[in-house]
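Novice: Structure file final-v3.txt, compact mmCIF, C-alpha atoms, is pasted below:
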# COMPACT_ATOMS: atom_id res chain seq x y z
CA MET A 1 10.14 -22.45 -14.66
CA SER A 2 8.44 -24.50 -17.38
CA THR A 3 8.30 -23.47 -21.06
CA SER A 4 6.68 -26.60 -22.55
CA LYS A 5 3.44 -24.84 -23.52
CA SER A 6 2.81 -22.23 -26.20
CA ALA A 7 0.17 -19.74 -27.28
CA VAL A 8 -0.77 -18.79 -30.85
CA LEU A 9 -1.77 -15.24 -31.80
CA THR A 10 -3.88 -15.18 -34.96
CA PHE A 11 -4.52 -12.01 -36.98
CA GLY A 12 -7.38 -11.15 -39.27
CA ASN A 13 -5.24 -11.64 -42.36
CA GLY A 14 -4.68 -15.26 -41.42
CA GLN A 15 -1.16 -14.77 -40.03
CA SER A 16 -0.42 -16.82 -36.91
CA VAL A 17 2.53 -16.36 -34.56
CA GLU A 18 3.49 -18.74 -31.78
CA PHE A 19 4.84 -17.59 -28.42
CA PRO A 20 6.12 -19.66 -25.48
CA VAL A 21 4.04 -19.85 -22.31
CA LEU A 22 5.98 -19.69 -19.06
CA SER A 23 4.77 -21.35 -15.85
CA GLY A 24 5.91 -20.27 -12.43
CA SER A 25 5.72 -22.22 -9.19
CA MET A 26 2.31 -20.64 -8.43
CA GLY A 27 -0.08 -18.27 -10.12
CA PRO A 28 -1.24 -17.77 -13.71
CA ASP A 29 0.91 -18.74 -16.66
CA VAL A 30 2.34 -15.88 -18.72
CA VAL A 31 2.77 -15.52 -22.46
CA ASP A 32 6.35 -14.56 -23.32
CA ILE A 33 5.87 -11.75 -25.88
CA ARG A 34 9.44 -10.47 -25.97
CA GLN A 35 9.61 -11.34 -29.69
CA LEU A 36 6.22 -9.81 -30.50
CA TYR A 37 7.54 -6.66 -32.21
CA ALA A 38 10.24 -8.54 -34.08
CA LYS A 39 7.72 -11.07 -35.41
CA THR A 40 4.70 -8.83 -36.00
CA GLY A 41 5.78 -5.18 -35.89
CA MET A 42 3.24 -4.58 -33.11
CA PHE A 43 3.24 -3.95 -29.36
CA THR A 44 0.68 -4.78 -26.69
CA TYR A 45 -1.40 -2.02 -25.07
CA ASP A 46 -1.85 -2.41 -21.31
CA PRO A 47 -2.42 0.84 -19.35
CA GLY A 48 -1.41 0.38 -15.72
CA PHE A 49 0.21 -2.95 -16.64
CA MET A 50 -2.92 -4.76 -15.46
CA SER A 51 -2.08 -7.89 -17.46
CA THR A 52 1.68 -7.61 -17.83
CA ALA A 53 4.39 -9.39 -15.84
CA SER A 54 7.36 -7.03 -15.86
CA CYS A 55 9.78 -9.45 -14.23
CA ARG A 56 10.24 -12.85 -12.63
CA SER A 57 10.44 -12.81 -8.85
CA ALA A 58 10.76 -15.34 -6.02
CA ILE A 59 10.01 -12.96 -3.14
CA THR A 60 6.29 -12.33 -2.63
CA TYR A 61 3.23 -14.09 -3.96
CA ILE A 62 -0.34 -12.79 -3.83
CA ASP A 63 -3.52 -14.67 -4.74
CA GLY A 64 -6.01 -11.83 -4.77
CA ASP A 65 -9.06 -14.03 -5.36
CA LYS A 66 -8.32 -16.20 -2.33
CA GLY A 67 -6.89 -13.44 -0.10
CA VAL A 68 -3.45 -15.06 0.19
CA LEU A 69 -0.16 -13.26 0.82
CA LEU A 70 3.10 -15.23 1.06
CA TYR A 71 6.61 -13.96 1.77
CA ARG A 72 9.05 -16.53 0.32
CA GLY A 73 6.26 -19.12 0.62
CA TYR A 74 5.32 -18.36 4.25
CA PRO A 75 1.74 -17.12 4.97
CA ILE A 76 1.65 -13.56 6.26
CA GLU A 77 -0.56 -14.71 9.17
CA GLN A 78 2.13 -17.08 10.49
CA LEU A 79 4.92 -14.57 10.06
CA ALA A 80 3.01 -11.77 11.79
CA GLN A 81 2.13 -13.96 14.75
CA GLN A 82 5.37 -15.93 15.20
CA CYS A 83 8.22 -13.71 13.97
CA ASP A 84 9.55 -10.22 14.60
CA PHE A 85 10.28 -7.70 11.87
CA LEU A 86 14.01 -8.37 11.53
CA GLU A 87 13.35 -12.11 11.18
CA VAL A 88 10.97 -11.31 8.34
CA ALA A 89 13.47 -8.84 6.88
CA TYR A 90 16.11 -11.58 6.86
CA LEU A 91 13.65 -13.93 5.17
CA ILE A 92 12.72 -11.43 2.46
CA LEU A 93 16.36 -10.60 1.76
CA ASN A 94 17.80 -14.12 1.92
CA GLY A 95 14.97 -16.48 1.04
CA GLU A 96 14.93 -18.48 4.28
CA LEU A 97 14.06 -17.79 7.92
CA PRO A 98 17.20 -17.34 10.02
CA THR A 99 18.59 -19.73 12.61
CA ARG A 100 19.26 -18.27 16.06
CA GLU A 101 22.88 -17.59 15.11
CA GLN A 102 21.98 -16.06 11.75
CA LYS A 103 19.38 -13.83 13.36
CA ALA A 104 21.82 -12.69 16.04
CA ASN A 105 24.41 -11.78 13.41
CA PHE A 106 21.80 -10.01 11.29
CA VAL A 107 20.49 -7.99 14.24
CA HIS A 108 24.07 -7.10 15.19
CA MET A 109 24.82 -5.81 11.69
CA VAL A 110 21.64 -3.74 11.57
CA THR A 111 22.33 -2.31 15.02
CA ARG A 112 25.85 -1.29 14.00
CA HIS A 113 24.47 0.89 11.21
CA THR A 114 21.63 2.74 12.95
CA MET A 115 23.57 5.99 13.43
CA VAL A 116 23.62 8.54 10.61
CA HIS A 117 26.57 10.70 9.60
CA ASP A 118 26.65 13.85 11.74
CA GLN A 119 26.67 16.09 8.68
CA LEU A 120 23.57 14.29 7.45
CA ALA A 121 21.86 15.17 10.73
CA ARG A 122 22.55 18.82 9.97
CA PHE A 123 21.05 18.31 6.51
CA PHE A 124 17.59 18.58 8.10
CA ASN A 125 18.18 22.27 8.82
CA GLY A 126 17.78 22.97 5.13
CA PHE A 127 14.08 22.12 5.28
CA ARG A 128 11.27 24.30 6.55
CA ARG A 129 9.82 23.11 9.85
CA ASP A 130 6.40 22.71 8.23
CA ALA A 131 7.70 20.55 5.37
CA HIS A 132 5.86 17.27 4.94
CA PRO A 133 7.95 14.46 6.48
CA MET A 134 7.79 12.50 3.23
CA ALA A 135 9.37 15.42 1.37
CA VAL A 136 12.15 15.40 3.94
CA MET A 137 12.61 11.65 3.60
CA VAL A 138 12.89 11.78 -0.19
CA GLY A 139 15.67 14.36 0.15
CA VAL A 140 17.54 12.79 3.04
CA VAL A 141 17.45 9.21 1.75
CA GLY A 142 18.54 10.36 -1.68
CA ALA A 143 21.40 12.26 -0.04
CA LEU A 144 22.77 9.09 1.61
CA SER A 145 24.70 8.40 -1.59
CA ALA A 146 26.68 11.60 -0.95
CA PHE A 147 27.87 10.26 2.41
CA TYR A 148 28.44 6.55 1.90
CA HIS A 149 30.64 6.20 -1.17
CA ASP A 150 31.84 2.75 -0.18
CA SER A 151 28.52 1.07 -1.03
CA LEU A 152 27.58 2.51 -4.42
CA ASP A 153 29.00 -0.10 -6.79
CA ILE A 154 25.89 -2.05 -7.78
CA ASN A 155 28.02 -4.73 -9.46
CA ASP A 156 29.81 -5.57 -6.21
CA PRO A 157 27.75 -7.95 -4.02
CA ARG A 158 29.52 -6.70 -0.90
CA HIS A 159 28.59 -3.09 -1.71
CA ARG A 160 24.97 -4.12 -2.22
CA GLU A 161 24.96 -5.95 1.11
CA VAL A 162 26.38 -2.98 3.01
CA ALA A 163 23.92 -0.62 1.32
CA ALA A 164 21.06 -2.93 2.35
CA PHE A 165 22.14 -2.95 6.00
CA ARG A 166 22.55 0.82 5.99
CA LEU A 167 19.13 1.49 4.52
CA ILE A 168 17.28 -0.90 6.83
CA ALA A 169 19.18 0.35 9.87
CA LYS A 170 19.08 4.09 9.19
CA MET A 171 15.50 4.38 7.98
CA PRO A 172 13.99 4.40 11.53
CA THR A 173 16.56 7.02 12.56
CA ILE A 174 15.72 9.19 9.54
CA VAL A 175 11.96 8.85 10.03
CA ALA A 176 12.26 9.78 13.72
CA MET A 177 14.51 12.73 12.86
CA ALA A 178 11.98 13.98 10.30
CA TYR A 179 9.30 13.90 13.00
CA LYS A 180 11.42 15.52 15.70
CA TYR A 181 12.48 18.26 13.32
CA SER A 182 8.85 19.01 12.39
CA VAL A 183 7.86 19.54 16.03
CA GLY A 184 11.02 21.35 17.12
CA LEU A 185 12.32 18.67 19.48
CA PRO A 186 15.92 17.44 19.71
CA PHE A 187 16.95 14.31 17.86
CA MET A 188 17.13 11.12 19.90
CA TYR A 189 20.03 8.89 18.91
CA PRO A 190 19.58 5.09 18.76
CA ARG A 191 20.30 2.80 21.68
CA ASN A 192 22.00 -0.48 20.80
CA GLU A 193 20.45 -2.48 23.64
CA LEU A 194 16.91 -1.97 22.32
CA SER A 195 15.17 -3.99 19.63
CA TYR A 196 14.70 -2.50 16.17
CA THR A 197 11.10 -1.44 16.77
CA ALA A 198 11.56 -0.38 20.41
CA ASN A 199 14.52 1.72 19.34
CA PHE A 200 12.38 3.44 16.71
CA MET A 201 9.59 4.22 19.19
CA ARG A 202 12.11 5.65 21.64
CA MET A 203 13.62 7.87 18.93
CA MET A 204 10.12 9.00 17.99
CA PHE A 205 8.62 9.67 21.38
CA GLY A 206 11.51 9.87 23.85
CA VAL A 207 13.00 13.14 25.12
CA PRO A 208 16.43 13.81 26.68
CA THR A 209 14.93 14.95 29.97
CA GLU A 210 13.58 11.55 31.01
CA ASP A 211 13.95 7.85 30.27
CA TYR A 212 11.61 6.36 27.70
CA VAL A 213 9.64 3.40 29.06
CA VAL A 214 9.23 0.63 26.48
CA ASN A 215 5.76 -0.89 26.33
CA ASP A 216 6.12 -4.41 24.93
CA VAL A 217 2.51 -4.60 23.74
CA LEU A 218 2.83 -1.40 21.72
CA VAL A 219 6.23 -2.39 20.37
CA ARG A 220 4.83 -5.73 19.24
CA ALA A 221 1.90 -3.97 17.57
CA LEU A 222 4.18 -1.66 15.61
CA ASP A 223 6.43 -4.60 14.75
CA ARG A 224 3.42 -6.35 13.26
CA ILE A 225 2.55 -3.25 11.23
CA LEU A 226 6.06 -3.29 9.80
CA ILE A 227 5.77 -6.99 8.91
CA LEU A 228 2.44 -6.49 7.16
CA HIS A 229 3.90 -3.71 5.00
CA ALA A 230 7.34 -5.21 4.33
CA ASP A 231 6.65 -6.22 0.74
CA HIS A 232 3.69 -6.57 -1.60
CA GLU A 233 4.87 -7.86 -4.95
CA GLN A 234 5.11 -5.52 -7.99
CA ASN A 235 3.14 -2.53 -6.69
CA ALA A 236 3.68 1.03 -7.93
CA SER A 237 6.54 1.99 -5.60
CA THR A 238 8.32 -1.37 -5.98
CA SER A 239 8.04 -1.11 -9.74
CA THR A 240 9.45 2.41 -9.48
CA VAL A 241 12.45 1.13 -7.51
CA ARG A 242 13.02 -1.61 -10.09
CA LEU A 243 12.68 0.83 -12.99
CA ALA A 244 15.11 3.29 -11.42
CA GLY A 245 17.49 0.46 -10.62
CA SER A 246 17.38 -0.83 -14.19
CA SER A 247 19.27 2.29 -15.27
CA GLY A 248 22.15 1.44 -12.93
CA ALA A 249 21.23 4.11 -10.36
CA ASN A 250 22.72 3.64 -6.88
CA PRO A 251 20.54 1.92 -4.24
CA PHE A 252 19.97 5.07 -2.17
CA ALA A 253 18.61 6.92 -5.21
CA CYS A 254 16.41 3.94 -6.08
CA ILE A 255 14.89 3.76 -2.59
CA ALA A 256 14.32 7.53 -2.64
CA SER A 257 12.37 7.07 -5.88
CA GLY A 258 10.24 4.43 -4.15
CA ILE A 259 9.51 6.81 -1.28
CA ALA A 260 8.45 9.51 -3.75
CA CYS A 261 6.04 7.10 -5.45
CA LEU A 262 4.70 5.80 -2.14
CA TRP A 263 3.79 9.35 -1.17
CA GLY A 264 0.86 9.28 -3.60
CA PRO A 265 -2.58 9.21 -1.93
CA ALA A 266 -3.62 6.22 -4.06
CA HIS A 267 -0.68 4.20 -2.69
CA GLY A 268 0.95 4.86 0.68
CA GLY A 269 -1.40 7.68 1.62
CA ALA A 270 -4.49 5.47 1.58
CA ASN A 271 -4.46 4.79 5.34
CA GLU A 272 -4.43 8.53 6.01
CA ALA A 273 -7.40 8.95 3.66
CA ALA A 274 -9.30 6.14 5.40
CA LEU A 275 -8.72 7.70 8.83
CA ASN A 276 -9.84 11.11 7.57
CA MET A 277 -13.02 9.52 6.20
CA LEU A 278 -13.80 7.89 9.56
CA GLU A 279 -13.12 11.11 11.48
CA GLU A 280 -15.38 13.10 9.16
CA LEU A 281 -18.15 10.51 9.48
CA GLN A 282 -17.73 10.59 13.26
CA ARG A 283 -18.13 14.38 13.30
CA GLU A 284 -21.29 14.08 11.22
CA GLY A 285 -22.98 11.69 13.63
CA GLY A 286 -21.00 8.46 13.70
CA VAL A 287 -22.69 5.07 13.58
CA ALA A 288 -26.15 6.63 13.22
CA ARG A 289 -25.14 8.18 9.89
CA ILE A 290 -23.60 5.08 8.30
CA GLY A 291 -26.72 4.24 6.28
CA GLU A 292 -26.84 7.71 4.79
CA PHE A 293 -23.10 7.58 4.11
CA ILE A 294 -23.40 4.23 2.32
CA LYS A 295 -26.15 5.63 0.09
CA LYS A 296 -23.87 8.48 -0.96
CA VAL A 297 -21.05 6.05 -1.69
CA LYS A 298 -23.31 4.01 -3.98
CA ASP A 299 -24.69 7.11 -5.75
CA LYS A 300 -22.75 7.39 -9.02
CA ASN A 301 -23.38 11.15 -9.04
CA SER A 302 -21.82 11.57 -5.57
CA THR A 303 -18.17 12.35 -4.89
CA VAL A 304 -18.22 10.45 -1.57
CA LYS A 305 -15.90 7.44 -1.52
CA LEU A 306 -15.53 4.51 0.87
CA MET A 307 -11.82 4.62 1.64
CA GLY A 308 -9.98 1.54 2.90
CA PHE A 309 -12.15 -0.85 0.89
CA GLY A 310 -11.17 -2.61 -2.30
CA HIS A 311 -7.73 -3.35 -3.69
CA ARG A 312 -6.04 -3.50 -7.07
CA VAL A 313 -5.07 -7.14 -6.47
CA TYR A 314 -7.25 -8.51 -3.64
CA LYS A 315 -10.78 -9.52 -4.65
CA ASN A 316 -11.28 -11.11 -1.26
CA TYR A 317 -10.67 -10.00 2.32
CA ASP A 318 -7.12 -8.64 2.55
CA PRO A 319 -5.35 -11.03 4.97
CA ARG A 320 -3.41 -8.07 6.36
CA ALA A 321 -6.67 -6.33 7.28
CA LYS A 322 -7.70 -9.21 9.56
CA LEU A 323 -4.37 -9.03 11.37
CA MET A 324 -4.57 -5.26 11.59
CA ARG A 325 -8.03 -5.46 13.14
CA GLU A 326 -6.69 -7.83 15.82
CA THR A 327 -3.76 -5.50 16.43
CA THR A 328 -6.16 -2.57 16.80
CA HIS A 329 -8.00 -4.45 19.57
CA GLU A 330 -4.73 -5.20 21.38
CA VAL A 331 -3.44 -1.64 21.24
CA LEU A 332 -6.68 0.02 22.29
CA ASN A 333 -7.16 -2.41 25.19
CA GLU A 334 -3.57 -1.86 26.35
CA LEU A 335 -4.08 1.90 26.32
CA GLY A 336 -7.48 1.73 28.01
CA LEU A 337 -9.21 2.87 24.83
CA GLY A 338 -11.37 -0.19 24.29
CA ASP A 339 -14.41 2.07 23.81
CA ASP A 340 -12.67 4.18 21.18
CA PRO A 341 -15.56 5.63 19.13
CA LEU A 342 -13.58 5.66 15.89
CA PHE A 343 -12.79 1.96 16.17
CA LYS A 344 -16.42 1.15 16.95
CA LEU A 345 -17.41 3.20 13.92
CA ALA A 346 -14.94 1.30 11.73
CA LEU A 347 -16.28 -2.08 12.93
CA ALA A 348 -19.87 -1.00 12.30
CA LEU A 349 -19.04 0.38 8.87
CA GLU A 350 -17.21 -2.82 7.94
CA ARG A 351 -20.11 -5.00 9.08
CA ILE A 352 -22.73 -3.00 7.20
CA ALA A 353 -20.66 -2.75 4.02
CA LEU A 354 -19.93 -6.49 3.99
CA GLU A 355 -23.66 -7.21 4.23
CA ASP A 356 -24.47 -4.89 1.33
CA GLU A 357 -24.84 -6.59 -2.06
CA TYR A 358 -23.41 -3.50 -3.79
CA PHE A 359 -20.00 -4.01 -2.16
CA VAL A 360 -20.12 -7.81 -2.04
CA SER A 361 -20.87 -8.12 -5.78
CA ARG A 362 -17.97 -5.78 -6.55
CA LYS A 363 -15.66 -7.68 -4.20
CA LEU A 364 -14.93 -4.55 -2.18
CA TYR A 365 -13.52 -5.87 1.08
CA PRO A 366 -11.54 -3.99 3.75
CA ASN A 367 -7.86 -3.63 2.97
CA VAL A 368 -4.94 -3.08 5.35
CA ASP A 369 -5.37 0.71 5.25
CA PHE A 370 -8.84 0.59 6.79
CA TYR A 371 -7.51 -0.15 10.28
CA SER A 372 -3.85 0.83 10.17
CA GLY A 373 -4.57 4.54 10.59
CA ILE A 374 -6.52 3.89 13.81
CA VAL A 375 -3.68 1.78 15.22
CA GLN A 376 -0.98 4.29 14.35
CA ARG A 377 -2.99 7.18 15.77
CA ALA A 378 -3.43 5.24 19.02
CA LEU A 379 0.32 4.55 19.12
CA GLY A 380 0.92 8.30 19.00
CA PHE A 381 1.93 8.83 15.39
CA PRO A 382 0.57 12.00 13.79
CA THR A 383 -1.29 11.52 10.53
CA ALA A 384 1.51 13.06 8.45
CA MET A 385 3.85 10.28 9.64
CA PHE A 386 1.68 7.36 8.49
CA THR A 387 3.24 7.10 5.05
CA CYS A 388 6.71 7.45 6.58
CA ILE A 389 6.04 4.34 8.67
CA PHE A 390 4.94 2.59 5.49
CA ALA A 391 8.21 3.60 3.79
CA LEU A 392 10.23 2.37 6.76
CA ALA A 393 8.59 -1.05 6.53
CA ARG A 394 8.64 -1.31 2.75
CA THR A 395 12.35 -0.47 2.53
CA VAL A 396 13.33 -4.11 3.08
CA GLY A 397 11.02 -5.22 0.28
CA TRP A 398 12.35 -2.53 -2.06
CA ILE A 399 15.93 -3.61 -1.35
CA ALA A 400 15.16 -7.28 -1.93
CA GLN A 401 13.33 -6.52 -5.17
CA TRP A 402 16.12 -4.18 -6.34
CA ASN A 403 18.80 -6.76 -5.52
CA GLU A 404 16.84 -9.48 -7.31
CA MET A 405 16.51 -7.24 -10.37
CA ILE A 406 20.25 -6.43 -10.38
CA SER A 407 21.06 -10.15 -10.22
CA ASP A 408 18.68 -11.15 -13.03
CA SER A 409 20.60 -11.65 -16.27
CA GLU A 410 17.40 -11.16 -18.31
CA GLN A 411 16.65 -7.69 -16.95
CA LYS A 412 17.28 -4.68 -19.19
CA ILE A 413 16.75 -0.98 -18.65
CA GLY A 414 13.03 -0.35 -18.36
CA ARG A 415 11.57 1.12 -21.53
CA PRO A 416 7.77 0.85 -21.91
CA ARG A 417 6.30 1.45 -25.35
CA GLN A 418 3.36 3.68 -26.23
CA LEU A 419 0.32 4.01 -28.45
CA PHE A 420 1.00 7.36 -30.09
CA THR A 421 -2.07 9.55 -30.66
CA GLY A 422 -0.42 12.90 -31.47
CA PRO A 423 -0.07 14.70 -34.82
CA THR A 424 1.41 12.87 -37.79
CA ARG A 425 4.50 14.27 -39.50
CA ARG A 426 4.20 17.92 -40.54
CA ASP A 427 6.53 20.69 -41.67
CA VAL A 428 7.42 23.84 -39.77
CA VAL A 429 5.95 27.00 -41.27
CA PRO A 430 8.21 30.08 -40.92
CA ILE A 431 7.01 32.35 -38.13
CA ALA A 432 6.22 35.18 -40.52
CA GLU A 433 3.75 32.96 -42.37
CA ARG A 434 1.89 31.50 -39.38
As structure tokens, what does this structure read like?
Specialist:
Amino acid sequence: MSTSKSAVLTFGNGQSVEFPVLSGSMGPDVVDIRQLYAKTGMFTYDPGFMSTASCRSAITYIDGDKGVLLYRGYPIEQLAQQCDFLEVAYLILNGELPTREQKANFVHMVTRHTMVHDQLARFFNGFRRDAHPMAVMVGVVGALSAFYHDSLDINDPRHREVAAFRLIAKMPTIVAMAYKYSVGLPFMYPRNELSYTANFMRMMFGVPTEDYVVNDVLVRALDRILILHADHEQNASTSTVRLAGSSGANPFACIASGIACLWGPAHGGANEAALNMLEELQREGGVARIGEFIKKVKDKNSTVKLMGFGHRVYKNYDPRAKLMRETTHEVLNELGLGDDPLFKLALALERIALEDEYFVSRKLYPNVDFYSGIVQRALGFPTAMFTCIFALARTVGWIAQWNEMISDSEQKIGRPRQLFTGPTRRDVVPIAER
């Protein structure tokens, strides 16, 4: 990281203060303003942290203008097409793709930890059957710290490693249990001979009365979904995990905080919102009503929104969306649903929107959520489970980001500043005189 450049901040009174400029391996330079308050008595004001780098990271890089997403330097397109999820998980955690032996050892360690404590399984009984699965996940994942005391010391690298394996391994089991509990079906325990993703699908959709038949095409599709969602730089939930971790909280609590943040409809719930939009448009007439729908979207007085388009970072076509569209084709063809009306509607809506100057000029391109809901619905996942799948995938990214933060000697407990707009100092008037 280079620090040879500097930036000068000049005030109206003629005062000038110099700050170092830091250069990473890729991306924009950043002005190091850590001494701003000490030198000037002022803070910066940046709602939503739109122009603020909160940390240094070597995990994920996004170029939103070019539509580029790299995990540890590898393009998401290559990883999604040539690797499975646990290979990508190893990469995100360790910085390099595994050799055959390293992958075998990694898979073995994950497989060894897929079971959950039997008392934790009974923990589900404390929830109502109609509880949202994400509410259940926040509670159950947070409760892991009450069961696994031997991996809570964040200053011990071995504890952090064991906690990472446990979270990655147990998350599919917990997600499947949350689903089974909501529909009143018995839990399905993991099978060690199955792959990570096949095991998850069996726990989700298998029943004790018959053998679950693994469909390799569907397993590969879900595996790709997990890869596409594994990490995405300093988004809201990842920043939440880092902020919670900066206080010294245990890893299970930190991941639970990430799940809670991901639950928001503007973050992990966006694919559900996009699917609901398509289903509503389909009920109102489908492709024939797209023109009318687009007009409502562009009307500033209308409350109608085009969900699944646009992104906080991407100002180009989200590379994950292209891969998700391909995956949608594969899944629907495998299931004999090639004429799925919702998918045809999505393709038509995408084509029309991308030809409309209103959306093009605003750089509103499809994002990963536009198609992921269709794929997950075709795979059999109910809408309420979509964000749970997102959390399952993102867990590896959260762990890597948390571990990186713990290991960074420059990191301190998160403490954003504020621009105070409340009352100035005043004295309390006795109650009898008010």
Novice: Just give me the gap between atom CA of Gly268 of chain A and atom CA of Lys412 of chain A in Å, one decimal is fine.
Specialist: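 Straight-line distance from atom CA of Gly268 of chain A to atom CA of Lys412 of chain A works out to 27.4 Å.
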Novice: May I ask for the distance between atom CA of Leu222 of chain A and atom CA of Met385 of chain A, given in Å to one decimal place?
Specialist: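 Between atom CA of Leu222 of chain A and atom CA of Met385 of chain A the gap is 13.4 Å.
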Novice: Can you measure atom CA of Ala288 of chain A to atom CA of Leu306 of chain A for me? One decimal in Å is fine.
Specialist: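 We find that atom CA of Ala288 of chain A and atom CA of Leu306 of chain A lie 16.4 Å from each other.
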Novice: Neighbouring residues of segment 175-184 of chain A were defined as those with any atom within 6 Å, considering only C-alpha atoms; residues of the same chain fewer than 3 positions away were excluded. Please report them as a PDB file with C-alpha atoms, keeping the file's coordinate frame.
Specialist:
ATOM      1  CA  ARG A 129       9.820  23.110   9.850  1.00  0.00           C
ATOM      2  CA  PRO A 133       7.950  14.460   6.480  1.00  0.00           C
ATOM      3  CA  PRO A 172      13.990   4.400  11.530  1.00  0.00           C
ATOM      4  CA  PHE A 187      16.950  14.310  17.860  1.00  0.00           C
ATOM      5  CA  MET A 203      13.620   7.870  18.930  1.00  0.00           C
ATOM      6  CA  MET A 204      10.120   9.000  17.990  1.00  0.00           C
TER       7      MET A 204
END
Novice: Have a look at A:Met42, A:Leu332, A:Val138, A:Leu69 and name the one nearest to Ala378 of chain A; count only C-alpha atoms.
Specialist: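 Result for the nearest residue to Ala378 of chain A: A:Leu332.
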Novice: Mind checking which residues fall within 10 Å of segment 141-143 of chain A, counting all atoms listed in the file, ignoring those fewer than 5 positions away in the same chain, and posting them as a PyMOL selection string?
Specialist: chain A and resi 120+123+136+148+167+170-171+174-175+250-257+259
Novice: Can you list, as a ChimeraX atom specification, every protein, DNA or RNA residue that comes within 12 Å of Arg415 of chain A when you count only C-alpha atoms, leaving out same-chain residues fewer than 5 positions away?
Specialist: /A:54,242-244,246-247
Novice: What would the file look like if the residues just selected were written as a compact mmCIF listing (two decimals), in the frame of the given file with C-alpha atoms?
Specialist:
# COMPACT_ATOMS: atom_id res chain seq x y z
CA SER A 54 7.36 -7.03 -15.86
CA ARG A 242 13.02 -1.61 -10.09
CA LEU A 243 12.68 0.83 -12.99
CA ALA A 244 15.11 3.29 -11.42
CA SER A 246 17.38 -0.83 -14.19
CA SER A 247 19.27 2.29 -15.27
Novice: I'd like the contact shell of Pro190 of chain A - 7 Å cut-off, all atoms listed in the file, skipping same-chain residues fewer than 5 positions apart - returned as a list in words.
Specialist: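 Those residues are Thr114, Met115, Asn199 and Met203 of chain A.
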Novice: Would you please work out which residue, of A:Ala53, A:Ala135, A:Leu91, A:Ile290, is nearest to Gly264 of chain A when using only C-alpha atoms?
Specialist: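 Among A:Ala53, A:Ala135, A:Leu91, A:Ile290, it is A:Ala135 that comes nearest to Gly264 of chain A.
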Novice: For each of A:Tyr371, A:Tyr74, A:Phe420, A:Tyr365, take the minimum atom-to-atom distance to Ala270 of chain A, counting only C-alpha atoms, then give the residue where this is smallest.
Specialist: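 Ranking A:Tyr371, A:Tyr74, A:Phe420, A:Tyr365 by distance to Ala270 of chain A, first place goes to A:Tyr371.
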Novice: Need to verify the contact set: Glu210 of chain A, 12 Å, all atoms listed in the file, exclusion of same-chain residues closer than 5 positions in sequence. Can you return it as a list of chain:residue names?
Specialist: A:Met188, A:Arg202, A:Phe205
Novice: Can you work out which one of A:Tyr189, A:Glu292, A:Ala273, A:Val428 has the shortest atom-to-atom distance to Pro208 of chain A, counting all atoms listed in the file?
Specialist: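 Among the listed residues, the smallest separation from Pro208 of chain A belongs to A:Tyr189.
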Novice: Please return as a ChimeraX atom specification every residue within 12 Å of (5.3, -5.5, -12.4), taking into account all atoms listed in the file and the file's own coordinates.
Specialist: /A:46,48-57,60,232-243,401,405,414,416
Novice: So, with all atoms listed in the file as the atoms that count, which of A:Ser195, A:Asn316, A:Thr10, A:Thr328 lies closest to Gln376 of chain A?
Specialist: A:Thr328
Novice: Let me make sure I understand: among A:Ala348, A:Leu281, A:Val213, A:Met324, which one has the smallest atom-to-atom distance to Ser372 of chain A if we use only C-alpha atoms?
Specialist: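 Closest to Ser372 of chain A of all the choices is A:Met324.
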